[in-house]
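Student: Quick one, start.txt (compact mmCIF, C-alpha atoms and all ligand atoms):
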# COMPACT_ATOMS: atom_id res chain seq x y z
CA MET A 12 94.99 -177.74 42.81
CA LYS A 13 94.17 -181.44 42.43
CA SER A 14 90.56 -182.54 42.21
CA LEU A 15 88.91 -183.76 45.38
CA ASP A 16 88.57 -187.27 44.01
CA VAL A 17 92.27 -187.53 43.15
CA VAL A 18 93.24 -186.39 46.66
CA LEU A 19 90.79 -188.82 48.25
CA GLU A 20 91.96 -191.69 46.07
CA SER A 21 95.50 -191.34 47.37
CA ARG A 22 94.38 -190.95 50.99
CA LEU A 23 92.23 -194.08 50.71
CA GLU A 24 95.15 -195.96 49.23
CA SER A 25 97.32 -195.16 52.23
CA ILE A 26 94.56 -196.28 54.62
CA ARG A 27 94.46 -199.56 52.69
CA GLN A 28 98.22 -199.99 52.87
CA ASP A 29 98.22 -199.42 56.62
CA GLY A 30 95.83 -202.36 57.07
CA LEU A 31 93.15 -199.96 58.27
CA TRP A 32 90.55 -200.44 55.55
CA ARG A 33 87.03 -200.65 56.97
CA GLU A 34 83.83 -201.99 55.55
CA MET A 35 80.31 -202.10 56.87
CA ARG A 36 79.16 -205.69 56.83
CA PRO A 37 75.56 -205.96 55.62
CA VAL A 38 73.18 -207.40 58.20
CA GLU A 39 69.70 -208.61 57.35
CA SER A 40 68.09 -209.15 60.74
CA ALA A 41 67.43 -207.23 63.96
CA GLN A 42 70.32 -206.65 66.36
CA GLU A 43 70.09 -209.77 68.44
CA ALA A 44 72.54 -212.29 69.84
CA HIS A 45 72.02 -214.38 66.70
CA LEU A 46 71.78 -212.66 63.38
CA ARG A 47 71.98 -213.06 59.66
CA GLY A 48 74.82 -211.34 57.88
CA ALA A 49 76.30 -212.02 54.45
CA GLY A 50 73.76 -214.81 53.98
CA VAL A 51 74.92 -216.82 57.00
CA GLU A 52 73.78 -217.09 60.60
CA VAL A 53 76.32 -215.87 63.11
CA VAL A 54 76.47 -215.47 66.85
CA ASN A 55 76.74 -211.74 67.39
CA PHE A 56 79.51 -210.68 69.77
CA SER A 57 79.70 -207.20 68.26
CA SER A 58 76.69 -205.39 69.65
CA ASN A 59 76.38 -203.16 72.72
CA ASP A 60 72.80 -204.35 73.18
CA TYR A 61 73.92 -205.98 76.43
CA LEU A 62 70.52 -206.90 77.79
CA GLY A 63 69.06 -207.98 74.46
CA LEU A 64 66.49 -205.17 74.50
CA ALA A 65 66.93 -203.70 71.01
CA ALA A 66 64.51 -206.20 69.48
CA HIS A 67 62.43 -206.80 72.63
CA ALA A 68 58.64 -206.83 72.17
CA ALA A 69 58.14 -204.07 74.77
CA LEU A 70 60.41 -201.69 72.86
CA LYS A 71 58.91 -202.56 69.49
CA GLU A 72 55.40 -201.97 70.82
CA ALA A 73 56.33 -198.67 72.45
CA ALA A 74 58.01 -197.48 69.24
CA GLY A 75 55.03 -198.62 67.15
CA ARG A 76 52.54 -196.78 69.37
CA ALA A 77 54.67 -193.62 69.19
CA VAL A 78 54.80 -193.82 65.39
CA ALA A 79 51.03 -194.31 65.19
CA ARG A 80 50.40 -191.31 67.41
CA PHE A 81 53.24 -188.91 66.57
CA GLY A 82 54.56 -190.07 63.21
CA GLY A 83 58.10 -190.53 62.03
CA GLY A 84 59.78 -187.26 62.90
CA SER A 85 59.69 -184.65 65.62
CA GLY A 86 59.61 -181.63 63.33
CA ALA A 87 62.30 -179.38 64.77
CA SER A 88 64.31 -178.68 67.88
CA ARG A 89 62.09 -178.89 70.97
CA LEU A 90 62.68 -175.18 71.57
CA ILE A 91 61.10 -174.45 68.20
CA SER A 92 58.28 -176.93 67.68
CA GLY A 93 57.59 -178.17 71.17
CA SER A 94 58.32 -181.01 73.51
CA LEU A 95 56.41 -184.21 72.74
CA PRO A 96 55.09 -186.65 75.35
CA PRO A 97 57.74 -189.30 74.45
CA HIS A 98 60.52 -186.76 75.19
CA ARG A 99 58.97 -185.58 78.47
CA GLU A 100 58.15 -189.08 79.64
CA LEU A 101 61.65 -190.28 78.85
CA GLU A 102 63.29 -187.46 80.81
CA ASP A 103 61.02 -188.12 83.81
CA ALA A 104 61.81 -191.84 83.61
CA LEU A 105 65.56 -191.22 83.36
CA ALA A 106 65.63 -188.79 86.29
CA ARG A 107 63.68 -191.26 88.44
CA PHE A 108 65.87 -194.17 87.32
CA LYS A 109 69.15 -192.36 88.02
CA GLY A 110 67.85 -190.72 91.19
CA SER A 111 68.72 -187.25 89.90
CA GLU A 112 66.71 -184.03 89.96
CA SER A 113 66.36 -183.93 86.20
CA ALA A 114 67.46 -185.26 82.84
CA LEU A 115 67.88 -183.86 79.34
CA VAL A 116 67.75 -186.02 76.23
CA PHE A 117 69.83 -185.51 73.07
CA SER A 118 69.70 -187.27 69.71
CA SER A 119 72.81 -189.33 70.60
CA GLY A 120 75.36 -189.77 73.34
CA TYR A 121 77.86 -188.06 71.06
CA ALA A 122 75.56 -185.05 70.76
CA ALA A 123 75.09 -184.97 74.54
CA ALA A 124 78.86 -184.71 75.09
CA VAL A 125 79.58 -182.12 72.43
CA GLY A 126 76.57 -180.12 73.59
CA ALA A 127 77.19 -180.15 77.32
CA ILE A 128 80.94 -179.82 77.76
CA PRO A 129 81.46 -176.74 75.54
CA ALA A 130 78.33 -175.17 77.08
CA LEU A 131 79.76 -175.52 80.57
CA MET A 132 83.46 -174.90 79.99
CA GLY A 133 85.43 -172.19 78.18
CA PRO A 134 88.91 -170.68 77.79
CA GLU A 135 89.11 -169.68 81.47
CA ASP A 136 88.60 -173.28 82.53
CA VAL A 137 90.50 -176.55 82.73
CA ILE A 138 89.23 -179.97 81.63
CA ILE A 139 91.03 -183.06 82.89
CA LEU A 140 90.41 -186.20 80.90
CA ASP A 141 91.44 -189.87 81.01
CA ARG A 142 93.61 -190.73 78.01
CA LEU A 143 91.27 -193.54 76.94
CA ALA A 144 88.09 -191.47 77.17
CA HIS A 145 85.67 -191.86 74.26
CA ALA A 146 86.15 -189.73 71.14
CA CYS A 147 83.02 -187.69 71.88
CA LEU A 148 84.46 -186.56 75.22
CA ILE A 149 87.77 -185.61 73.61
CA ASP A 150 86.06 -183.75 70.78
CA ALA A 151 83.79 -181.99 73.28
CA ALA A 152 86.74 -180.94 75.42
CA ARG A 153 88.54 -179.54 72.35
CA MET A 154 85.44 -177.69 71.18
CA SER A 155 85.14 -175.99 74.56
CA ARG A 156 88.52 -174.24 74.08
CA ALA A 157 89.24 -174.91 77.76
CA ARG A 158 92.80 -175.84 78.72
CA LEU A 159 92.95 -179.59 78.38
CA ARG A 160 95.06 -182.01 80.42
CA VAL A 161 95.05 -185.74 79.71
CA PHE A 162 96.16 -188.21 82.39
CA ARG A 163 97.47 -191.73 81.82
CA HIS A 164 94.62 -194.21 81.87
CA ASN A 165 93.28 -194.55 85.43
CA ASP A 166 96.51 -193.09 86.91
CA LEU A 167 95.39 -191.47 90.17
CA ASP A 168 98.84 -190.09 91.03
CA GLN A 169 99.15 -188.24 87.77
CA LEU A 170 95.55 -187.11 88.10
CA ARG A 171 96.25 -185.63 91.54
CA GLY A 172 99.23 -183.70 90.16
CA MET A 173 97.11 -182.34 87.30
CA MET A 174 94.31 -181.33 89.61
CA GLU A 175 96.74 -179.46 91.85
CA TRP A 176 98.18 -177.75 88.79
CA ALA A 177 94.66 -176.93 87.57
CA ARG A 178 93.71 -175.42 90.91
CA ASN A 179 96.71 -173.11 90.87
CA THR A 180 96.18 -172.26 87.23
CA VAL A 181 92.57 -171.22 87.57
CA ALA A 182 93.38 -169.33 90.78
CA GLU A 183 96.20 -167.35 89.15
CA GLU A 184 95.60 -167.09 85.43
CA SER A 185 91.83 -166.87 85.59
CA ARG A 186 91.86 -164.85 88.84
CA GLY A 187 89.61 -167.41 90.49
CA GLU A 188 87.02 -167.16 87.71
CA GLY A 189 87.87 -170.48 86.07
CA ASN A 190 86.45 -173.90 86.88
CA ILE A 191 87.78 -177.43 86.64
CA LEU A 192 85.93 -180.39 85.13
CA LEU A 193 87.13 -183.95 85.60
CA VAL A 194 85.85 -186.30 82.90
CA THR A 195 85.97 -190.09 82.71
CA GLU A 196 84.03 -193.14 81.66
CA SER A 197 82.85 -195.66 84.19
CA VAL A 198 83.48 -198.70 81.93
CA PHE A 199 85.91 -198.05 79.07
CA SER A 200 84.44 -198.82 75.70
CA MET A 201 87.41 -200.54 74.05
CA ASP A 202 89.30 -201.91 77.07
CA GLY A 203 86.37 -203.13 79.16
CA ASP A 204 88.08 -202.00 82.34
CA THR A 205 86.67 -199.63 84.94
CA ALA A 206 87.66 -196.24 86.34
CA PRO A 207 88.49 -195.93 90.07
CA LEU A 208 85.43 -193.74 90.53
CA ALA A 209 85.34 -193.64 94.33
CA GLU A 210 88.95 -192.44 94.50
CA MET A 211 88.32 -189.90 91.78
CA VAL A 212 85.26 -188.51 93.54
CA ALA A 213 87.27 -188.25 96.79
CA LEU A 214 90.02 -186.43 94.92
CA LYS A 215 87.73 -183.94 93.26
CA GLU A 216 85.99 -183.25 96.59
CA GLU A 217 89.36 -182.70 98.25
CA LEU A 218 90.84 -180.47 95.56
CA GLY A 219 87.69 -178.86 94.19
CA ALA A 220 86.42 -179.77 90.73
CA TRP A 221 83.23 -180.74 89.00
CA MET A 222 82.92 -184.21 87.56
CA LEU A 223 81.26 -185.77 84.52
CA VAL A 224 81.02 -189.55 84.35
CA ASP A 225 80.01 -191.23 81.11
CA GLU A 226 78.13 -194.40 82.02
CA ALA A 227 77.56 -195.46 78.39
CA HIS A 228 78.64 -199.05 79.09
CA ALA A 229 77.42 -199.28 82.69
CA THR A 230 73.84 -197.99 82.65
CA GLY A 231 71.48 -200.92 83.00
CA LEU A 232 74.23 -203.28 84.14
CA PHE A 233 75.70 -202.26 87.50
CA GLY A 234 74.20 -201.51 90.91
CA GLU A 235 71.22 -202.80 92.82
CA HIS A 236 68.82 -200.86 90.60
CA ARG A 237 71.07 -201.20 87.56
CA ARG A 238 71.63 -197.44 87.36
CA GLY A 239 75.34 -197.81 86.74
CA ARG A 240 78.67 -197.93 88.52
CA LEU A 241 78.03 -194.70 90.42
CA GLU A 242 75.11 -196.45 92.09
CA ALA A 243 77.13 -199.63 92.66
CA GLU A 244 79.84 -197.59 94.42
CA GLY A 245 77.32 -195.45 96.32
CA ILE A 246 78.80 -192.18 95.02
CA ALA A 247 76.22 -190.87 92.55
CA GLY A 248 75.54 -187.92 94.88
CA GLY A 249 79.15 -186.75 94.51
CA VAL A 250 79.01 -186.39 90.72
CA GLU A 251 77.49 -183.30 89.13
CA ILE A 252 76.90 -184.71 85.64
CA GLN A 253 75.93 -188.26 84.78
CA MET A 254 76.02 -188.99 81.09
CA GLY A 255 74.68 -191.98 79.22
CA THR A 256 73.45 -193.32 75.94
CA LEU A 257 70.11 -194.89 75.11
CA GLY A 258 71.75 -196.89 72.32
CA LYS A 259 73.53 -199.61 74.29
CA ALA A 260 71.94 -201.58 77.15
CA LEU A 261 68.80 -199.46 76.72
CA GLY A 262 68.35 -200.83 73.20
CA SER A 263 67.16 -197.63 71.52
CA ALA A 264 68.90 -194.42 70.37
CA GLY A 265 69.74 -191.08 71.91
CA GLY A 266 71.89 -189.72 74.69
CA PHE A 267 71.18 -188.10 78.03
CA LEU A 268 72.60 -186.08 80.87
CA CYS A 269 71.30 -186.32 84.42
CA GLY A 270 71.95 -183.72 87.10
CA SER A 271 70.36 -180.75 88.84
CA ARG A 272 67.41 -178.74 87.53
CA ASN A 273 69.80 -175.86 86.95
CA LEU A 274 72.05 -178.05 84.83
CA ARG A 275 69.10 -179.02 82.65
CA GLN A 276 67.84 -175.44 82.37
CA PHE A 277 71.27 -174.12 81.49
CA LEU A 278 71.88 -176.78 78.84
CA ILE A 279 68.53 -176.02 77.22
CA HIS A 280 69.81 -172.44 76.81
CA ARG A 281 73.40 -173.15 75.84
CA ALA A 282 74.01 -176.69 74.50
CA ARG A 283 74.28 -176.13 70.76
CA SER A 284 73.59 -179.76 69.83
CA PHE A 285 70.31 -179.47 71.73
CA ILE A 286 69.30 -176.06 70.38
CA PHE A 287 70.31 -176.50 66.74
CA SER A 288 69.32 -180.10 66.10
CA THR A 289 65.99 -181.80 65.51
CA ALA A 290 64.65 -183.55 68.61
CA PRO A 291 65.02 -187.34 68.82
CA VAL A 292 62.40 -189.22 66.81
CA PRO A 293 59.36 -190.00 68.99
CA ALA A 294 59.72 -193.75 68.38
CA ALA A 295 63.28 -193.83 69.72
CA SER A 296 62.35 -191.91 72.86
CA ALA A 297 59.28 -194.05 73.50
CA ALA A 298 61.31 -197.25 73.05
CA ALA A 299 63.94 -195.89 75.43
CA THR A 300 61.30 -195.14 78.07
CA ALA A 301 60.06 -198.71 77.77
CA ALA A 302 63.64 -199.91 78.20
CA VAL A 303 64.20 -197.79 81.30
CA GLU A 304 61.05 -199.28 82.84
CA LEU A 305 62.03 -202.78 81.76
CA VAL A 306 65.52 -202.54 83.24
CA GLN A 307 63.96 -201.71 86.62
CA SER A 308 61.47 -204.60 86.48
CA GLU A 309 61.88 -208.19 87.61
CA GLU A 310 62.61 -209.13 84.00
CA GLY A 311 65.34 -206.51 83.88
CA ARG A 312 66.89 -207.91 87.04
CA ALA A 313 66.79 -211.42 85.59
CA ARG A 314 68.30 -210.36 82.24
CA CYS A 315 71.07 -208.52 84.01
CA ALA A 316 71.79 -211.56 86.23
CA LEU A 317 71.93 -213.75 83.13
CA LEU A 318 74.39 -211.38 81.47
CA TRP A 319 76.65 -211.51 84.53
CA ASP A 320 76.54 -215.33 84.40
CA ARG A 321 77.71 -215.20 80.77
CA ILE A 322 80.43 -212.69 81.64
CA GLY A 323 81.68 -215.03 84.38
CA GLN A 324 81.62 -218.01 82.04
CA ALA A 325 83.49 -216.16 79.29
CA ARG A 326 86.12 -214.77 81.67
CA GLU A 327 86.78 -218.19 83.12
CA GLY A 328 87.16 -219.74 79.69
CA LEU A 329 89.37 -216.96 78.32
CA ALA A 330 91.61 -217.09 81.40
CA ALA A 331 92.02 -220.83 80.84
CA LEU A 332 93.20 -220.00 77.30
CA GLY A 333 95.85 -217.69 78.74
CA ILE A 334 94.18 -214.51 77.50
CA PRO A 335 94.78 -211.56 79.86
CA LEU A 336 91.55 -210.09 81.25
CA PRO A 337 90.55 -206.68 82.63
CA VAL A 338 90.77 -206.82 86.43
CA SER A 339 87.11 -206.10 87.09
CA PRO A 340 84.43 -207.81 85.06
CA ALA A 341 82.30 -206.00 82.46
CA PRO A 342 80.42 -207.10 79.32
CA ILE A 343 83.24 -205.84 77.08
CA ILE A 344 86.23 -208.18 76.94
CA PRO A 345 89.13 -207.25 74.64
CA ILE A 346 91.33 -210.01 73.26
CA PRO A 347 94.67 -208.29 72.57
CA ILE A 348 96.22 -209.01 69.16
CA GLY A 349 98.49 -206.07 68.32
CA GLU A 350 99.09 -205.98 64.59
CA GLU A 351 96.14 -204.58 62.61
CA GLY A 352 96.24 -207.03 59.72
CA ARG A 353 96.41 -210.02 62.05
CA ALA A 354 93.39 -208.82 64.05
CA VAL A 355 91.38 -208.49 60.84
CA GLU A 356 92.47 -211.94 59.67
CA ILE A 357 91.46 -213.57 62.95
CA GLY A 358 88.16 -211.71 62.92
CA LYS A 359 87.52 -213.04 59.42
CA ARG A 360 88.29 -216.60 60.42
CA LEU A 361 85.96 -216.36 63.40
CA PHE A 362 83.22 -214.98 61.18
CA GLU A 363 83.60 -217.92 58.82
CA ALA A 364 83.28 -220.18 61.84
CA GLY A 365 79.99 -218.44 62.74
CA PHE A 366 81.08 -215.84 65.31
CA TRP A 367 81.05 -212.13 64.78
CA VAL A 368 83.77 -210.65 66.96
CA PRO A 369 84.87 -207.30 65.54
CA ALA A 370 88.52 -206.42 65.08
CA VAL A 371 89.02 -202.98 66.56
CA ARG A 372 91.87 -200.92 65.08
CA TYR A 373 93.28 -197.44 64.82
CA PRO A 374 91.83 -194.81 65.10
CA THR A 375 89.42 -196.42 67.56
CA VAL A 376 92.44 -197.67 69.55
CA GLY A 377 96.14 -196.79 69.24
CA ARG A 378 98.29 -198.07 66.35
CA GLY A 379 99.66 -201.55 67.01
CA LEU A 380 97.05 -202.10 69.73
CA ALA A 381 94.48 -203.87 67.57
CA ARG A 382 92.23 -206.28 69.37
CA LEU A 383 89.15 -208.40 69.06
CA ARG A 384 86.37 -206.81 71.06
CA LEU A 385 84.00 -209.29 72.55
CA SER A 386 80.69 -207.89 73.79
CA LEU A 387 78.42 -210.18 75.68
CA SER A 388 74.66 -210.11 75.88
CA ALA A 389 71.94 -211.62 78.01
CA GLY A 390 70.71 -213.05 74.69
CA HIS A 391 73.73 -215.37 74.40
CA THR A 392 73.28 -218.94 75.53
CA ALA A 393 75.87 -220.79 77.57
CA GLY A 394 76.43 -222.88 74.42
CA ASP A 395 77.23 -219.75 72.36
CA ILE A 396 80.05 -218.92 74.77
CA ASP A 397 81.34 -222.51 74.87
CA TYR A 398 81.46 -222.74 71.07
CA LEU A 399 83.23 -219.41 70.83
CA LEU A 400 85.80 -220.51 73.40
CA ALA A 401 86.38 -223.69 71.42
CA ALA A 402 86.90 -221.67 68.23
CA LEU A 403 89.35 -219.37 70.02
CA ARG A 404 91.22 -222.37 71.38
CA GLY A 405 91.67 -223.54 67.78
CA LEU A 406 93.33 -220.19 66.96
CA SER A 407 95.87 -220.44 69.82
CA LEU A 408 95.63 -216.79 70.83
CA GLY A 409 96.81 -217.07 74.43
CA ARG A 410 100.30 -216.90 75.84
C1 LIG B 501 78.92 -195.19 72.41
C2 LIG B 501 79.51 -194.20 73.34
C3 LIG B 501 79.09 -192.87 73.34
C4 LIG B 501 78.20 -192.30 72.27
O1 LIG B 501 76.90 -192.68 72.42
P1 LIG B 501 75.96 -192.71 71.13
O2 LIG B 501 74.59 -192.66 71.68
O3 LIG B 501 76.28 -193.98 70.43
O4 LIG B 501 76.30 -191.50 70.32
C5 LIG B 501 79.59 -192.03 74.31
N1 LIG B 501 80.47 -192.48 75.22
C6 LIG B 501 80.90 -193.74 75.24
C7 LIG B 501 81.86 -194.17 76.28
C8 LIG B 501 80.44 -194.64 74.30
O5 LIG B 501 80.91 -195.89 74.29
As structure tokens - that is how I would like this structure written.
Ligand SMILES: *Cc1c(COP(=O)(O)O)cnc(C)c1O

Tutor:
Amino acid sequence: MKSLDVVLESRLESIRQDGLWREMRPVESAQEAHLRGAGVEVVNFSSNDYLGLAAHAALKEAAGRAVARFGGGSGASRLISGSLPPHRELEDALARFKGSESALVFSSGYAAAVGAIPALMGPEDVIILDRLAHACLIDAARMSRARLRVFRHNDLDQLRGMMEWARNTVAEESRGEGNILLVTESVFSMDGDTAPLAEMVALKEELGAWMLVDEAHATGLFGEHRRGRLEAEGIAGGVEIQMGTLGKALGSAGGFLCGSRNLRQFLIHRARSFIFSTAPVPAASAAATAAVELVQSEEGRARCALLWDRIGQAREGLAALGIPLPVSPAPIIPIPIGEEGRAVEIGKRLFEAGFWVPAVRYPTVGRGLARLRLSLSAGHTAGDIDYLLAALRGLSLGR
């Protein structure tokens, strides 16, 4: 047997040769629209902090108060060492915000997915998943050992066929004991496009299935109260499980699931990532509660409106450069490149010009589908967008 290091050396070499080498760029300042990295100031188009809340005074103060009162850590799982006020307050705030009966908080969105889906689904069941769903949803579906069917991205015809198949399968093979769970994202994390949620809800009502919608990139940004796309489409009541993260527009860290009281109770008993993992740090939960309140305030409304202005400005400018855009607007805008090495090279040139636009490559997206992933924030100025567009024009990326 070869030594571990020898095996890893050769695996790393092949990653390098495929143009897939990754490095974490050091950053010296808070996650804001402008930051210091590698000794230079850059405009940050890499962060999911869409409303510019991560370094907001209200979140810092809430986190600071929680540290002063409850310290750095939460001690153990909440089932072991108790549920602290920041956890309880956050769950109350999330349930009120999303208009659901209850909420349960996890240490990350990833943990929420891999806790909930395997708790709810098993070998008797069928999970139906969009092909571009986030890795945590795919991993969760695999961990559940349910039969898994993956439909082409947003393809409602194929989805209908799979749901009909699933209905027959659970009726026959599981003698009516199996259940069906339809899983999608509301805004896709690497493509910036949106799922046809209203049609999917209609389909699952017609054919009989439960539904989980991951609103990681929509919470705080869509709908009159900024709850997400389920609110914007008026269909939140038709979805059993609403998932989200506290780490993106909510500027903190953690994940959550909203749904019925029974859902929460059951997950407390069965979601392994909840039971066997230390509760979120009090500071993160307190900051998230402040963010949930802020999003619902007049300031939250104004920040969201500002973000949508920037999205409109960027889309207009990119369209003028001949860059194809997702049909419906969202704060994530991919700029398709294709070849991995070329995406990295362009990303590097933009960084040198003062813009951090990450090159996204396999395994985050498919091979040969590398892209620059632009994420916009309410913290960007109109000038930031204009300068970026000018830099992109210089690179002649359009058709
Ligand atoms: C980021 C993300 C998650 C994971 O959330 P974390 O809190 O970062 O673990 C889940 N789903 C989607 C769609 C995401 O983009």

Student: Could you give me, as a PyMOL selection string, every polymer residue with an atom at most 6 Å away from an atom of ligand LIG 501 (chain B), counting only C-alpha atoms and all ligand atoms?

Tutor: chain A and resi 119-121+145+196+200+225+227+256+258+265-266

Student: Show which residues sit within 6 Å of segment 289-299 of chain A, as a list in words. Count all atoms listed in the file, and ignore same-chain residues fewer than 4 positions away.

Tutor: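 My list of contacting residues is Leu70, Ala73, Ala74, Ala77, Val78, Gly84, Ser85, Ala87, Ser88, Arg89, Pro97, His98, Ser118, Ser263 and Ala264 of chain A.
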
Student: Please measure the separation of atom CA of Leu318 of chain A and atom CA of Gly390 of chain A, giving the value in Å to one decimal.

Tutor: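 These atoms are spaced 7.9 Å apart.
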
Student: Quote the spacing between atom CA of Met132 of chain A and atom CA of Glu183 of chain A in Å to one decimal place.

Tutor: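 Pair atom CA of Met132 of chain A / atom CA of Glu183 of chain A returns 17.4 Å.
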
Student: Give me, please, the distance in Å between atom CA of Ser388 of chain A and atom CA of Gly63 of chain A, quoted to one decimal.

Tutor: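 It comes out at 6.2 Å.
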
Student: Between A:Ile322, A:Ala104, A:Ile128, A:Ala157, which one has atoms that come closest to Pro337 of chain A, using only C-alpha atoms?

Tutor: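 Closest candidate: A:Ile322.
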
Student: Given the choices A:Gly110, A:Pro374, A:Gly328, A:Gly86, which gets closest to Glu242 of chain A if the distance is worked out from all atoms listed in the file?

Tutor: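 Of the candidates, the smallest distance to Glu242 of chain A is held by A:Gly110.
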
Student: For Arg237 of chain A, work out the shell of residues within 9 Å, counting all atoms listed in the file and skipping chain neighbours fewer than 4 positions away, then give it as a PyMOL selection string.

Tutor: chain A and resi 108+229-233+242-243+306-307+311-312+315

Student: Which residues come within 12 Å of segment 396-407 of chain A, counting all atoms listed in the file, excluding same-chain residues fewer than 4 positions away, as number ranges by chain?

Tutor: A: 44, 53-56, 318, 320-334, 346, 348, 353-354, 356-368, 383, 385-392

Student: Which polymer residues have any atom within 10 Å of an atom of Asp202 of chain A, counting only C-alpha atoms, with same-chain residues fewer than 6 positions away left out, as a PyMOL selection string?

Tutor: chain A and resi 143+336-337+341+343-347+376+382+384

Student: Just the residues within 10 Å of Gly349 of chain A, please, counting all atoms listed in the file, with nothing from its chain fewer than 6 positions along; format it as a PyMOL selection string.

Tutor: chain A and resi 372+377-383
